[in-house]
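Asker: What follows is input_35.json; its format and atoms are JSON, C-alpha atoms.
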[["chain", "number", "residue", "atom", "x", "y", "z"],
["A", 1, "MET", "CA", 110.30, 121.10, 104.16],
["A", 2, "SER", "CA", 107.43, 118.77, 105.07],
["A", 3, "ASP", "CA", 107.25, 115.18, 103.87],
["A", 4, "GLU", "CA", 104.29, 116.06, 101.65],
["A", 5, "LYS", "CA", 106.18, 118.98, 100.05],
["A", 6, "LYS", "CA", 109.17, 116.75, 99.37],
["A", 7, "MET", "CA", 106.88, 114.29, 97.65],
["A", 8, "THR", "CA", 105.25, 116.82, 95.30],
["A", 9, "SER", "CA", 108.07, 116.35, 92.79],
["A", 10, "ALA", "CA", 107.85, 112.59, 93.27],
["A", 11, "ARG", "CA", 104.15, 112.70, 92.44],
["A", 12, "THR", "CA", 104.97, 114.62, 89.27],
["A", 13, "SER", "CA", 107.59, 112.07, 88.28],
["A", 14, "HIS", "CA", 105.45, 109.10, 89.19],
["A", 15, "ALA", "CA", 102.44, 110.33, 87.23],
["A", 16, "SER", "CA", 102.08, 108.83, 83.79],
["A", 17, "ILE", "CA", 102.29, 110.80, 80.56],
["A", 18, "VAL", "CA", 99.08, 112.23, 79.09],
["A", 19, "SER", "CA", 98.13, 114.31, 76.11],
["A", 20, "MET", "CA", 97.43, 118.00, 76.42],
["A", 21, "THR", "CA", 93.86, 119.11, 76.91],
["A", 22, "PRO", "CA", 92.61, 121.90, 74.62],
["A", 23, "SER", "CA", 93.18, 124.46, 77.39],
["A", 24, "THR", "CA", 96.76, 123.43, 78.04],
["A", 25, "ARG", "CA", 97.59, 123.30, 74.32],
["A", 26, "ASP", "CA", 96.96, 127.05, 74.23],
["A", 27, "GLU", "CA", 99.36, 127.83, 77.07],
["A", 28, "SER", "CA", 102.74, 129.35, 76.44],
["A", 29, "THR", "CA", 105.69, 126.98, 76.16],
["A", 30, "GLN", "CA", 107.05, 128.15, 79.49],
["A", 31, "LYS", "CA", 103.79, 127.60, 81.34],
["A", 32, "ALA", "CA", 103.15, 124.27, 79.64],
["A", 33, "SER", "CA", 106.53, 122.97, 80.80],
["A", 34, "SER", "CA", 106.01, 124.01, 84.43],
["A", 35, "PRO", "CA", 105.84, 121.25, 87.08],
["A", 36, "ILE", "CA", 102.16, 121.98, 87.77],
["A", 37, "SER", "CA", 101.18, 121.90, 84.10],
["A", 38, "LEU", "CA", 103.25, 118.74, 83.64],
["A", 39, "TYR", "CA", 101.56, 117.13, 86.62],
["A", 40, "GLU", "CA", 98.13, 118.00, 85.30],
["A", 41, "LYS", "CA", 98.94, 116.69, 81.81],
["A", 42, "MET", "CA", 100.74, 113.58, 83.00],
["A", 43, "GLY", "CA", 98.95, 112.64, 86.17],
["A", 44, "GLU", "CA", 95.31, 113.09, 85.41],
["A", 45, "ARG", "CA", 95.36, 110.94, 82.27],
["A", 46, "THR", "CA", 96.20, 107.97, 84.44],
["A", 47, "THR", "CA", 94.53, 108.84, 87.75],
["A", 48, "GLN", "CA", 91.27, 110.37, 86.52],
["A", 49, "PRO", "CA", 89.63, 107.06, 85.51],
["A", 50, "PHE", "CA", 89.99, 105.96, 89.12],
["A", 51, "ALA", "CA", 88.58, 109.28, 90.34],
["A", 52, "ILE", "CA", 85.53, 108.71, 88.14],
["A", 53, "HIS", "CA", 85.22, 105.14, 89.45],
["A", 54, "ILE", "CA", 85.21, 106.45, 93.03],
["A", 55, "LEU", "CA", 82.68, 109.19, 92.32],
["A", 56, "ASP", "CA", 80.40, 106.84, 90.38],
["A", 57, "ALA", "CA", 80.31, 104.51, 93.38],
["A", 58, "LEU", "CA", 79.48, 107.44, 95.69],
["A", 59, "GLN", "CA", 76.50, 108.66, 93.66],
["A", 60, "PRO", "CA", 74.37, 110.56, 94.41],
["A", 61, "ILE", "CA", 76.56, 113.29, 95.91],
["A", 62, "LEU", "CA", 74.29, 116.26, 95.23],
["A", 63, "ASN", "CA", 74.45, 118.74, 98.15],
["A", 64, "LEU", "CA", 76.87, 116.57, 100.15],
["A", 65, "ASP", "CA", 80.03, 118.01, 101.72],
["A", 66, "LEU", "CA", 83.08, 116.37, 100.12],
["A", 67, "ILE", "CA", 86.74, 116.95, 100.91],
["A", 68, "ASP", "CA", 89.44, 115.95, 98.42],
["A", 69, "ILE", "CA", 92.71, 115.56, 100.35],
["A", 70, "ALA", "CA", 96.12, 115.88, 98.63],
["A", 71, "ALA", "CA", 94.09, 116.87, 95.61],
["A", 72, "GLY", "CA", 96.94, 117.64, 93.22],
["A", 73, "THR", "CA", 95.62, 119.75, 90.36],
["A", 74, "GLY", "CA", 92.00, 118.95, 91.24],
["A", 75, "GLY", "CA", 90.75, 116.44, 88.68],
["A", 76, "LEU", "CA", 88.48, 114.64, 91.14],
["A", 77, "ALA", "CA", 87.40, 117.84, 92.90],
["A", 78, "LEU", "CA", 86.31, 119.39, 89.61],
["A", 79, "VAL", "CA", 84.07, 116.47, 88.67],
["A", 80, "ALA", "CA", 82.64, 116.23, 92.20],
["A", 81, "ALA", "CA", 81.68, 119.91, 92.07],
["A", 82, "GLU", "CA", 80.14, 119.44, 88.61],
["A", 83, "ARG", "CA", 78.04, 116.63, 90.07],
["A", 84, "GLY", "CA", 76.66, 118.90, 92.75],
["A", 85, "ALA", "CA", 78.79, 118.24, 95.82],
["A", 86, "ARG", "CA", 80.02, 121.08, 98.02],
["A", 87, "VAL", "CA", 83.75, 120.52, 97.58],
["A", 88, "LEU", "CA", 86.84, 121.51, 99.52],
["A", 89, "ALA", "CA", 90.10, 120.54, 97.78],
["A", 90, "THR", "CA", 93.25, 120.60, 99.89],
["A", 91, "ASP", "CA", 96.92, 120.25, 99.02],
["A", 92, "VAL", "CA", 100.17, 121.40, 100.64],
["A", 93, "SER", "CA", 101.37, 122.95, 97.38],
["A", 94, "ALA", "CA", 100.36, 126.57, 96.82],
["A", 95, "PRO", "CA", 100.75, 126.31, 93.00],
["A", 96, "MET", "CA", 98.54, 123.20, 93.01],
["A", 97, "ILE", "CA", 95.87, 125.08, 94.96],
["A", 98, "ASP", "CA", 96.12, 128.06, 92.61],
["A", 99, "ARG", "CA", 95.51, 125.74, 89.68],
["A", 100, "ILE", "CA", 92.51, 124.10, 91.37],
["A", 101, "ARG", "CA", 90.99, 127.52, 92.07],
["A", 102, "GLU", "CA", 91.51, 128.48, 88.44],
["A", 103, "ARG", "CA", 89.83, 125.31, 87.23],
["A", 104, "LEU", "CA", 86.92, 125.49, 89.66],
["A", 105, "GLY", "CA", 86.27, 129.12, 88.82],
["A", 106, "PRO", "CA", 83.96, 131.40, 90.81],
["A", 107, "GLY", "CA", 80.98, 129.79, 92.46],
["A", 108, "GLN", "CA", 79.53, 128.28, 95.57],
["A", 109, "ARG", "CA", 80.20, 124.58, 94.90],
["A", 110, "GLY", "CA", 83.99, 124.35, 95.16],
["A", 111, "ARG", "CA", 86.89, 125.94, 96.95],
["A", 112, "ALA", "CA", 90.53, 125.05, 97.54],
["A", 113, "GLU", "CA", 92.80, 125.64, 100.54],
["A", 114, "ILE", "CA", 96.45, 124.97, 101.35],
["A", 115, "MET", "CA", 96.68, 122.27, 104.01],
["A", 116, "ASP", "CA", 99.08, 119.51, 105.01],
["A", 117, "PHE", "CA", 97.02, 116.32, 105.13],
["A", 118, "SER", "CA", 98.57, 115.28, 108.44],
["A", 119, "THR", "CA", 97.22, 118.40, 110.19],
["A", 120, "LEU", "CA", 94.01, 119.50, 108.51],
["A", 121, "ASN", "CA", 92.80, 122.84, 109.87],
["A", 122, "LEU", "CA", 89.19, 121.71, 110.01],
["A", 123, "ARG", "CA", 86.58, 120.84, 112.62],
["A", 124, "ASP", "CA", 85.87, 117.25, 113.57],
["A", 125, "ALA", "CA", 83.06, 115.48, 111.71],
["A", 126, "SER", "CA", 82.45, 118.26, 109.19],
["A", 127, "TYR", "CA", 82.28, 116.31, 105.88],
["A", 128, "ASP", "CA", 80.01, 113.62, 104.48],
["A", 129, "ILE", "CA", 82.74, 112.20, 102.25],
["A", 130, "ALA", "CA", 86.55, 112.25, 102.41],
["A", 131, "VAL", "CA", 88.48, 111.24, 99.30],
["A", 132, "SER", "CA", 92.18, 110.98, 98.46],
["A", 133, "ASN", "CA", 92.90, 109.78, 94.93],
["A", 134, "PHE", "CA", 96.58, 108.77, 94.68],
["A", 135, "GLY", "CA", 97.25, 111.26, 97.48],
["A", 136, "VAL", "CA", 97.52, 110.17, 101.10],
["A", 137, "LEU", "CA", 98.57, 106.61, 100.28],
["A", 138, "ALA", "CA", 101.50, 107.89, 98.19],
["A", 139, "PHE", "CA", 103.32, 109.23, 101.27],
["A", 140, "SER", "CA", 105.27, 107.64, 104.09],
["A", 141, "LYS", "CA", 103.08, 109.38, 106.70],
["A", 142, "TRP", "CA", 99.90, 107.98, 105.19],
["A", 143, "ARG", "CA", 98.66, 106.76, 108.57],
["A", 144, "LEU", "CA", 98.52, 110.36, 109.82],
["A", 145, "GLY", "CA", 96.64, 111.38, 106.69],
["A", 146, "LEU", "CA", 94.17, 108.52, 107.08],
["A", 147, "ALA", "CA", 93.55, 109.49, 110.71],
["A", 148, "GLU", "CA", 92.84, 113.07, 109.64],
["A", 149, "MET", "CA", 90.52, 111.92, 106.86],
["A", 150, "ILE", "CA", 88.50, 109.95, 109.39],
["A", 151, "ARG", "CA", 88.53, 112.74, 111.99],
["A", 152, "VAL", "CA", 86.97, 115.32, 109.65],
["A", 153, "THR", "CA", 84.32, 112.88, 108.33],
["A", 154, "ARG", "CA", 80.92, 112.66, 109.97],
["A", 155, "HIS", "CA", 79.98, 109.42, 111.72],
["A", 156, "GLY", "CA", 78.63, 107.09, 109.06],
["A", 157, "GLY", "CA", 80.28, 109.18, 106.36],
["A", 158, "ARG", "CA", 82.33, 107.62, 103.60],
["A", 159, "ILE", "CA", 86.10, 107.29, 103.26],
["A", 160, "ASN", "CA", 87.71, 106.63, 99.85],
["A", 161, "LEU", "CA", 91.37, 106.21, 98.88],
["A", 162, "SER", "CA", 93.35, 104.90, 95.93],
["A", 163, "MET", "CA", 96.94, 103.98, 95.11],
["A", 164, "TRP", "CA", 98.81, 101.95, 92.50],
["A", 165, "THR", "CA", 99.17, 98.26, 93.30],
["A", 166, "GLN", "CA", 102.95, 98.70, 92.71],
["A", 167, "ARG", "CA", 102.96, 95.35, 90.88],
["A", 168, "ASP", "CA", 104.18, 94.55, 87.39],
["A", 169, "ASP", "CA", 103.16, 97.12, 84.74],
["A", 170, "CYS", "CA", 100.41, 98.73, 86.85],
["A", 171, "SER", "CA", 101.21, 102.18, 85.37],
["A", 172, "PRO", "CA", 103.45, 103.56, 82.61],
["A", 173, "ALA", "CA", 105.98, 104.51, 85.30],
["A", 174, "HIS", "CA", 106.04, 100.94, 86.59],
["A", 175, "LEU", "CA", 106.51, 99.60, 83.08],
["A", 176, "MET", "CA", 109.54, 101.84, 82.80],
["A", 177, "LYS", "CA", 110.79, 100.63, 86.17],
["A", 178, "ARG", "CA", 110.60, 97.01, 85.00],
["A", 179, "VAL", "CA", 112.45, 97.72, 81.76],
["A", 180, "PHE", "CA", 115.05, 99.85, 83.53],
["A", 181, "SER", "CA", 115.71, 97.11, 86.11],
["A", 182, "THR", "CA", 116.10, 94.51, 83.38],
["A", 183, "LEU", "CA", 118.65, 96.60, 81.47],
["A", 184, "PHE", "CA", 120.51, 98.00, 84.48],
["A", 185, "PRO", "CA", 120.09, 95.52, 87.36],
["A", 186, "ALA", "CA", 122.71, 97.25, 89.50],
["A", 187, "ARG", "CA", 120.75, 100.52, 89.51],
["A", 188, "VAL", "CA", 117.33, 101.66, 90.73],
["A", 189, "LEU", "CA", 114.98, 103.98, 88.90],
["A", 190, "TRP", "CA", 113.57, 105.37, 92.13],
["A", 191, "PRO", "CA", 114.38, 104.55, 95.79],
["A", 192, "ALA", "CA", 112.63, 101.50, 97.18],
["A", 193, "ASP", "CA", 111.05, 103.54, 99.98],
["A", 194, "MET", "CA", 109.75, 106.36, 97.76],
["A", 195, "PHE", "CA", 106.21, 104.98, 97.75],
["A", 196, "PRO", "CA", 104.51, 102.74, 100.36],
["A", 197, "VAL", "CA", 103.71, 99.22, 99.21],
["A", 198, "PHE", "CA", 100.40, 97.65, 100.23],
["A", 199, "THR", "CA", 98.47, 94.43, 100.02],
["A", 200, "GLU", "CA", 94.69, 94.20, 99.93],
["A", 201, "GLU", "CA", 94.63, 92.44, 103.28],
["A", 202, "ALA", "CA", 96.90, 94.96, 105.00],
["A", 203, "LEU", "CA", 94.98, 97.95, 103.63],
["A", 204, "ARG", "CA", 91.69, 96.48, 104.79],
["A", 205, "ALA", "CA", 93.04, 95.83, 108.28],
["A", 206, "ASP", "CA", 94.70, 99.25, 108.58],
["A", 207, "VAL", "CA", 91.61, 101.20, 107.51],
["A", 208, "ARG", "CA", 89.45, 99.18, 109.92],
["A", 209, "ALA", "CA", 91.90, 99.77, 112.76],
["A", 210, "ALA", "CA", 91.89, 103.50, 112.01],
["A", 211, "GLY", "CA", 88.16, 103.69, 112.71],
["A", 212, "CYS", "CA", 86.16, 102.53, 109.70],
["A", 213, "SER", "CA", 83.54, 99.87, 109.13],
["A", 214, "ASP", "CA", 82.33, 98.19, 105.93],
["A", 215, "VAL", "CA", 85.86, 98.40, 104.54],
["A", 216, "GLN", "CA", 86.30, 97.10, 101.01],
["A", 217, "VAL", "CA", 89.49, 96.94, 98.94],
["A", 218, "GLU", "CA", 89.29, 96.20, 95.24],
["A", 219, "VAL", "CA", 91.78, 96.21, 92.40],
["A", 220, "VAL", "CA", 90.40, 98.44, 89.66],
["A", 221, "THR", "CA", 91.74, 98.37, 86.11],
["A", 222, "ALA", "CA", 91.66, 101.20, 83.59],
["A", 223, "ASP", "CA", 93.26, 101.22, 80.14],
["A", 224, "TRP", "CA", 95.82, 103.96, 79.50],
["A", 225, "SER", "CA", 96.77, 105.06, 75.99],
["A", 226, "PRO", "CA", 99.34, 107.67, 74.99],
["A", 227, "PHE", "CA", 98.41, 110.60, 72.82],
["A", 228, "SER", "CA", 100.41, 108.94, 70.04],
["A", 229, "SER", "CA", 101.28, 105.24, 70.27],
["A", 230, "VAL", "CA", 104.03, 105.68, 67.66],
["A", 231, "ASP", "CA", 105.67, 108.46, 69.70],
["A", 232, "VAL", "CA", 104.99, 106.98, 73.14],
["A", 233, "VAL", "CA", 108.61, 107.09, 74.35],
["A", 234, "SER", "CA", 109.27, 110.70, 73.38],
["A", 235, "GLU", "CA", 105.87, 111.60, 74.75],
["A", 236, "CYS", "CA", 106.78, 109.99, 78.05],
["A", 237, "HIS", "CA", 110.20, 111.63, 78.24],
["A", 238, "PRO", "CA", 109.12, 114.44, 80.62],
["A", 239, "MET", "CA", 108.19, 111.72, 83.10],
["A", 240, "PHE", "CA", 111.26, 109.59, 82.51],
["A", 241, "LYS", "CA", 113.78, 112.34, 83.11],
["A", 242, "GLY", "CA", 112.29, 113.08, 86.52],
["A", 243, "PHE", "CA", 113.35, 109.76, 88.01],
["A", 244, "PRO", "CA", 116.68, 109.68, 89.87],
["A", 245, "GLY", "CA", 117.97, 106.59, 88.08],
["A", 246, "TYR", "CA", 117.40, 108.09, 84.66],
["A", 247, "ALA", "CA", 119.87, 110.88, 85.42],
["A", 248, "THR", "CA", 122.66, 108.31, 85.80],
["A", 249, "LEU", "CA", 122.40, 107.11, 82.19],
["A", 250, "THR", "CA", 124.88, 107.95, 79.49],
["A", 251, "PRO", "CA", 123.47, 109.00, 76.09],
["A", 252, "LEU", "CA", 124.09, 105.50, 74.72],
["A", 253, "GLU", "CA", 122.39, 103.89, 77.73],
["A", 254, "ALA", "CA", 119.43, 106.23, 77.37],
["A", 255, "GLU", "CA", 119.12, 105.29, 73.70],
["A", 256, "LYS", "CA", 119.16, 101.61, 74.63],
["A", 257, "LEU", "CA", 116.49, 102.22, 77.27],
["A", 258, "HIS", "CA", 114.26, 104.12, 74.85],
["A", 259, "ALA", "CA", 114.39, 101.28, 72.32],
["A", 260, "ALA", "CA", 113.49, 98.72, 75.00],
["A", 261, "LEU", "CA", 110.67, 100.91, 76.28],
["A", 262, "GLN", "CA", 109.22, 101.25, 72.79],
["A", 263, "ASP", "CA", 109.13, 97.46, 72.50],
["A", 264, "ALA", "CA", 107.58, 97.09, 75.97],
["A", 265, "PHE", "CA", 104.86, 99.62, 75.27],
["A", 266, "GLN", "CA", 104.17, 98.14, 71.84],
["A", 267, "SER", "CA", 103.50, 94.77, 73.44],
["A", 268, "TYR", "CA", 100.26, 96.34, 74.69],
["A", 269, "ALA", "CA", 99.20, 97.57, 71.23],
["A", 270, "GLY", "CA", 96.15, 96.10, 69.57],
["A", 271, "GLU", "CA", 95.59, 95.29, 65.92],
["A", 272, "ASP", "CA", 94.77, 98.97, 65.37],
["A", 273, "GLY", "CA", 98.23, 99.92, 66.64],
["A", 274, "VAL", "CA", 96.87, 101.74, 69.70],
["A", 275, "ILE", "CA", 98.65, 101.03, 72.98],
["A", 276, "ARG", "CA", 96.26, 100.14, 75.80],
["A", 277, "LEU", "CA", 98.11, 99.55, 79.04],
["A", 278, "PRO", "CA", 95.81, 98.07, 81.73],
["A", 279, "THR", "CA", 96.74, 100.22, 84.72],
["A", 280, "ARG", "CA", 95.76, 98.84, 88.13],
["A", 281, "ALA", "CA", 95.15, 100.48, 91.47],
["A", 282, "PHE", "CA", 93.78, 99.64, 94.89],
["A", 283, "VAL", "CA", 90.52, 101.47, 95.62],
["A", 284, "VAL", "CA", 89.57, 101.51, 99.29],
["A", 285, "THR", "CA", 86.12, 102.36, 100.64],
["A", 286, "GLY", "CA", 84.74, 102.46, 104.14],
["A", 287, "ARG", "CA", 82.47, 104.28, 106.57],
["A", 288, "ARG", "CA", 83.52, 106.16, 109.65],
["A", 289, "LEU", "CA", 82.40, 104.44, 112.82]]
Reformat the file's structure so that it appears as C-alpha cells.

Answerer:
Amino acid sequence: MSDEKKMTSARTSHASIVSMTPSTRDESTQKASSPISLYEKMGERTTQPFAIHILDALQPILNLDLIDIAAGTGGLALVAAERGARVLATDVSAPMIDRIRERLGPGQRGRAEIMDFSTLNLRDASYDIAVSNFGVLAFSKWRLGLAEMIRVTRHGGRINLSMWTQRDDCSPAHLMKRVFSTLFPARVLWPADMFPVFTEEALRADVRAAGCSDVQVEVVTADWSPFSSVDVVSECHPMFKGFPGYATLTPLEAEKLHAALQDAFQSYAGEDGVIRLPTRAFVVTGRRL
C-alpha cells in the first residue's frame, strides 16, 4: 500500500467534524457512515474556507487549466469548475474519485482521475494552476508531490498549497489533541510523525528550492462552528474515535475526556452560545520558474 493510501484514513480522522449538507442528509444510514461520506462531512467544513481563500486569490480562473492534487472529495475542484476553470481532480483513492465525479456531474469543465501525487501520469507544463488544499503537505513524501505539482505546471503558472499550522487549537482535531495530552500525558492521540510540521520560513525556502519564484506563505484564519454547539462533543465523536490514542481509553476515561472537551470547545463560544473556533492554516503561493 502506498504512503498516500495509508494516509487516506488519517486524513479522515484528522478532518474536523461538520454538519451534513442537504444531499448527505438524504443518504441512507449505511452510506452516510462510510469513510468517504464521513470525510466529506467532516473535512470540507474545516478545509473549504481555505479552498475559497485560495480560489479568490487566483481570480479570474475562467478558461484556465487547473489541477487539484490529492483532492479528497473535491470541494475545491467543484468550486473551481463552477468558476469556469477546466479542472482535473486527482486522488489515489478510487472511492474519493468516484465521489468527485458524482459531484462534478456530466460536463466539459471538470473531470477526476486516480493518480498518486508522487507520480502524476501527466505531461510536463500542462496546467496553468496546480493546487493542493490540505493534500500534498499532509504526507511524509510531500517533497515528491511538490516536485510533481511544479513539473505539470506551465512556466509562470501558479502553485498553491495549504496545511494546518499544527500549533495550539488550529483545528478541532488539534484542540482535542491538547485536551487529550493534558488529561493523559503518558499517551499520544496520534503518532508524532503522522503529519509533517512546518514553519513559514522553512516552507518558503523549500518551495523556492523546488523551482518557484514569488513565494509567499501566510497564516490564514477561518472560524469553524459545529452544527450544534450544545452537542459539539457527540457531533465530533466520529472524528475522535478514529484517532489511535482514543482507542486506548476506558469508558470512564472517555467520559472524562468528553467533559473536558465540552469545556474546551465552550471556551470559544460567544454571547450567543455559538462556538467559533479560529482555525489556522499555512497557505503557500508561488509561480513556477

Asker: Leaving out Gly74 of chain A and any residue of its chain fewer than 4 positions from it, which residues lie within 10 Å of it when counting all atoms listed in the file, given as a PDB file with C-alpha atoms, in the coordinates of the input?

Answerer:
ATOM      1  CA  GLU A  40      98.130 118.000  85.300  1.00  0.00           C
ATOM      2  CA  GLU A  44      95.310 113.090  85.410  1.00  0.00           C
ATOM      3  CA  GLN A  48      91.270 110.370  86.520  1.00  0.00           C
ATOM      4  CA  ASP A  68      89.440 115.950  98.420  1.00  0.00           C
ATOM      5  CA  ILE A  69      92.710 115.560 100.350  1.00  0.00           C
ATOM      6  CA  ALA A  70      96.120 115.880  98.630  1.00  0.00           C
ATOM      7  CA  LEU A  78      86.310 119.390  89.610  1.00  0.00           C
ATOM      8  CA  VAL A  79      84.070 116.470  88.670  1.00  0.00           C
ATOM      9  CA  ALA A  80      82.640 116.230  92.200  1.00  0.00           C
ATOM     10  CA  ALA A  89      90.100 120.540  97.780  1.00  0.00           C
ATOM     11  CA  THR A  90      93.250 120.600  99.890  1.00  0.00           C
ATOM     12  CA  ASP A  91      96.920 120.250  99.020  1.00  0.00           C
ATOM     13  CA  MET A  96      98.540 123.200  93.010  1.00  0.00           C
ATOM     14  CA  ILE A  97      95.870 125.080  94.960  1.00  0.00           C
ATOM     15  CA  ARG A  99      95.510 125.740  89.680  1.00  0.00           C
ATOM     16  CA  ILE A 100      92.510 124.100  91.370  1.00  0.00           C
ATOM     17  CA  ARG A 101      90.990 127.520  92.070  1.00  0.00           C
ATOM     18  CA  GLU A 102      91.510 128.480  88.440  1.00  0.00           C
ATOM     19  CA  ARG A 103      89.830 125.310  87.230  1.00  0.00           C
ATOM     20  CA  LEU A 104      86.920 125.490  89.660  1.00  0.00           C
ATOM     21  CA  ALA A 112      90.530 125.050  97.540  1.00  0.00           C
ATOM     22  CA  ASN A 133      92.900 109.780  94.930  1.00  0.00           C
TER      23      ASN A 133
END

Asker: Please tell me which residues are no farther than 12 Å from (84.8, 97.7, 96.5) in the file, counting all atoms listed in the file, and write them as a VMD selection string.

Answerer: chain A and resid 53 to 54 56 to 58 159 to 162 200 204 214 to 220 281 to 286

Asker: Neighbours of Phe265 of chain A within 9 Å (all atoms listed in the file; same-chain residues fewer than 4 positions away dropped), as a tab-separated table (two decimals) with C-alpha atoms, keeping the file's coordinate frame?

Answerer:
chain	number	residue	atom	x	y	z
A	172	PRO	CA	103.45	103.56	82.61
A	175	LEU	CA	106.51	99.60	83.08
A	229	SER	CA	101.28	105.24	70.27
A	232	VAL	CA	104.99	106.98	73.14
A	233	VAL	CA	108.61	107.09	74.35
A	260	ALA	CA	113.49	98.72	75.00
A	261	LEU	CA	110.67	100.91	76.28
A	269	ALA	CA	99.20	97.57	71.23
A	275	ILE	CA	98.65	101.03	72.98
A	276	ARG	CA	96.26	100.14	75.80
A	277	LEU	CA	98.11	99.55	79.04

Asker: I need the residue nearest Pro226 of chain A from this list: A:Phe134, A:Tyr268, A:Trp164, A:Tyr127. Use all atoms listed in the file for the distance.

Answerer: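 So, comparing all the options, the nearest one is A:Tyr268.
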
Asker: Tell me which of A:Val136, A:Val131, A:Ser118, A:Ala205 sits closest to Val87 of chain A, counting only C-alpha atoms.

Answerer: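 Using only C-alpha atoms, the shortest distance to Val87 of chain A belongs to A:Val131.
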
Asker: For segment 178-191 of chain A, find every residue with an atom within 8 Å (counting all atoms listed in the file), except residues of its own chain fewer than 4 positions away, and show them as a PDB file with C-alpha atoms, in the coordinates of the input.

Answerer:
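Here's the written file result33.pdb:
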ATOM      1  CA  ASP A 168     104.180  94.550  87.390  1.00  0.00           C
ATOM      2  CA  ASP A 169     103.160  97.120  84.740  1.00  0.00           C
ATOM      3  CA  HIS A 174     106.040 100.940  86.590  1.00  0.00           C
ATOM      4  CA  PHE A 243     113.350 109.760  88.010  1.00  0.00           C
ATOM      5  CA  PRO A 244     116.680 109.680  89.870  1.00  0.00           C
ATOM      6  CA  GLY A 245     117.970 106.590  88.080  1.00  0.00           C
ATOM      7  CA  TYR A 246     117.400 108.090  84.660  1.00  0.00           C
ATOM      8  CA  LEU A 257     116.490 102.220  77.270  1.00  0.00           C
ATOM      9  CA  ALA A 260     113.490  98.720  75.000  1.00  0.00           C
ATOM     10  CA  LEU A 261     110.670 100.910  76.280  1.00  0.00           C
ATOM     11  CA  ALA A 264     107.580  97.090  75.970  1.00  0.00           C
TER      12      ALA A 264
END

Asker: What are the centre and edge lengths in Å, to one decimal, of the axis-aligned box around all listed atoms of segment 111-121 of chain A with 6 Å added on each side, as lines of an AutoDock Vina configuration file?

Answerer:
center_x = 93.0
center_y = 120.6
center_z = 103.6
size_x = 24.2
size_y = 22.7
size_z = 25.2

Asker: One number please: atom CA of Leu146 of chain A to atom CA of Asn63 of chain A, in Å, one decimal.

Answerer: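 Distance reported for this atom pair: 23.9 Å.
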
Asker: In Å, rounded to a single decimal, give me how far atom CA of Arg143 of chain A is from atom CA of Ala173 of chain A.

Answerer: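 One can read the atom CA of Ala173 of chain A to atom CA of Arg143 of chain A distance as 24.5 Å.
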
Asker: Would you work out the distance separating atom CA of Met163 of chain A from atom CA of Leu76 of chain A, expressed in Å to one decimal?

Answerer: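 Distance reported for this atom pair: 14.2 Å.
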
Asker: Neighbours of Arg154 of chain A within 9 Å (only C-alpha atoms; same-chain residues fewer than 5 positions away dropped), as a ChimeraX atom specification?

Answerer: /A:124-129,288-289

Asker: Around (90.5, 111.1, 109.6) in the file's frame, which residues reach within 9 Å when counting all atoms listed in the file? Return as a CSV table (one decimal) with C-alpha atoms, in the coordinates of the input?

Answerer:
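Contents of selection.csv, freshly written:
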chain,number,residue,atom,x,y,z
A,124,ASP,CA,85.9,117.2,113.6
A,125,ALA,CA,83.1,115.5,111.7
A,130,ALA,CA,86.6,112.2,102.4
A,144,LEU,CA,98.5,110.4,109.8
A,145,GLY,CA,96.6,111.4,106.7
A,146,LEU,CA,94.2,108.5,107.1
A,147,ALA,CA,93.6,109.5,110.7
A,148,GLU,CA,92.8,113.1,109.6
A,149,MET,CA,90.5,111.9,106.9
A,150,ILE,CA,88.5,110.0,109.4
A,151,ARG,CA,88.5,112.7,112.0
A,152,VAL,CA,87.0,115.3,109.6
A,153,THR,CA,84.3,112.9,108.3
A,159,ILE,CA,86.1,107.3,103.3
A,210,ALA,CA,91.9,103.5,112.0
A,211,GLY,CA,88.2,103.7,112.7
A,288,ARG,CA,83.5,106.2,109.6

Asker: Applying 6 Å and only C-alpha atoms, which residues near Val92 of chain A remain after dropping the ones on its own chain fewer than 4 positions away? List them as a list of chain:residue names.

Answerer: A:Ile114, A:Met115, A:Asp116

Asker: Using C-alpha atoms, can you write the selected residues to a file as a CSV table (one decimal), in the frame of the given file?

Answerer:
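Saved the output as out.csv:
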chain,number,residue,atom,x,y,z
A,114,ILE,CA,96.4,125.0,101.4
A,115,MET,CA,96.7,122.3,104.0
A,116,ASP,CA,99.1,119.5,105.0

Asker: Measuring atom to atom with all atoms listed in the file, identify which of A:Gly72, A:Gly157, A:Gly107, A:Gly43 is nearest to Gly135 of chain A.

Answerer: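 The closest residue to Gly135 of chain A is A:Gly72.
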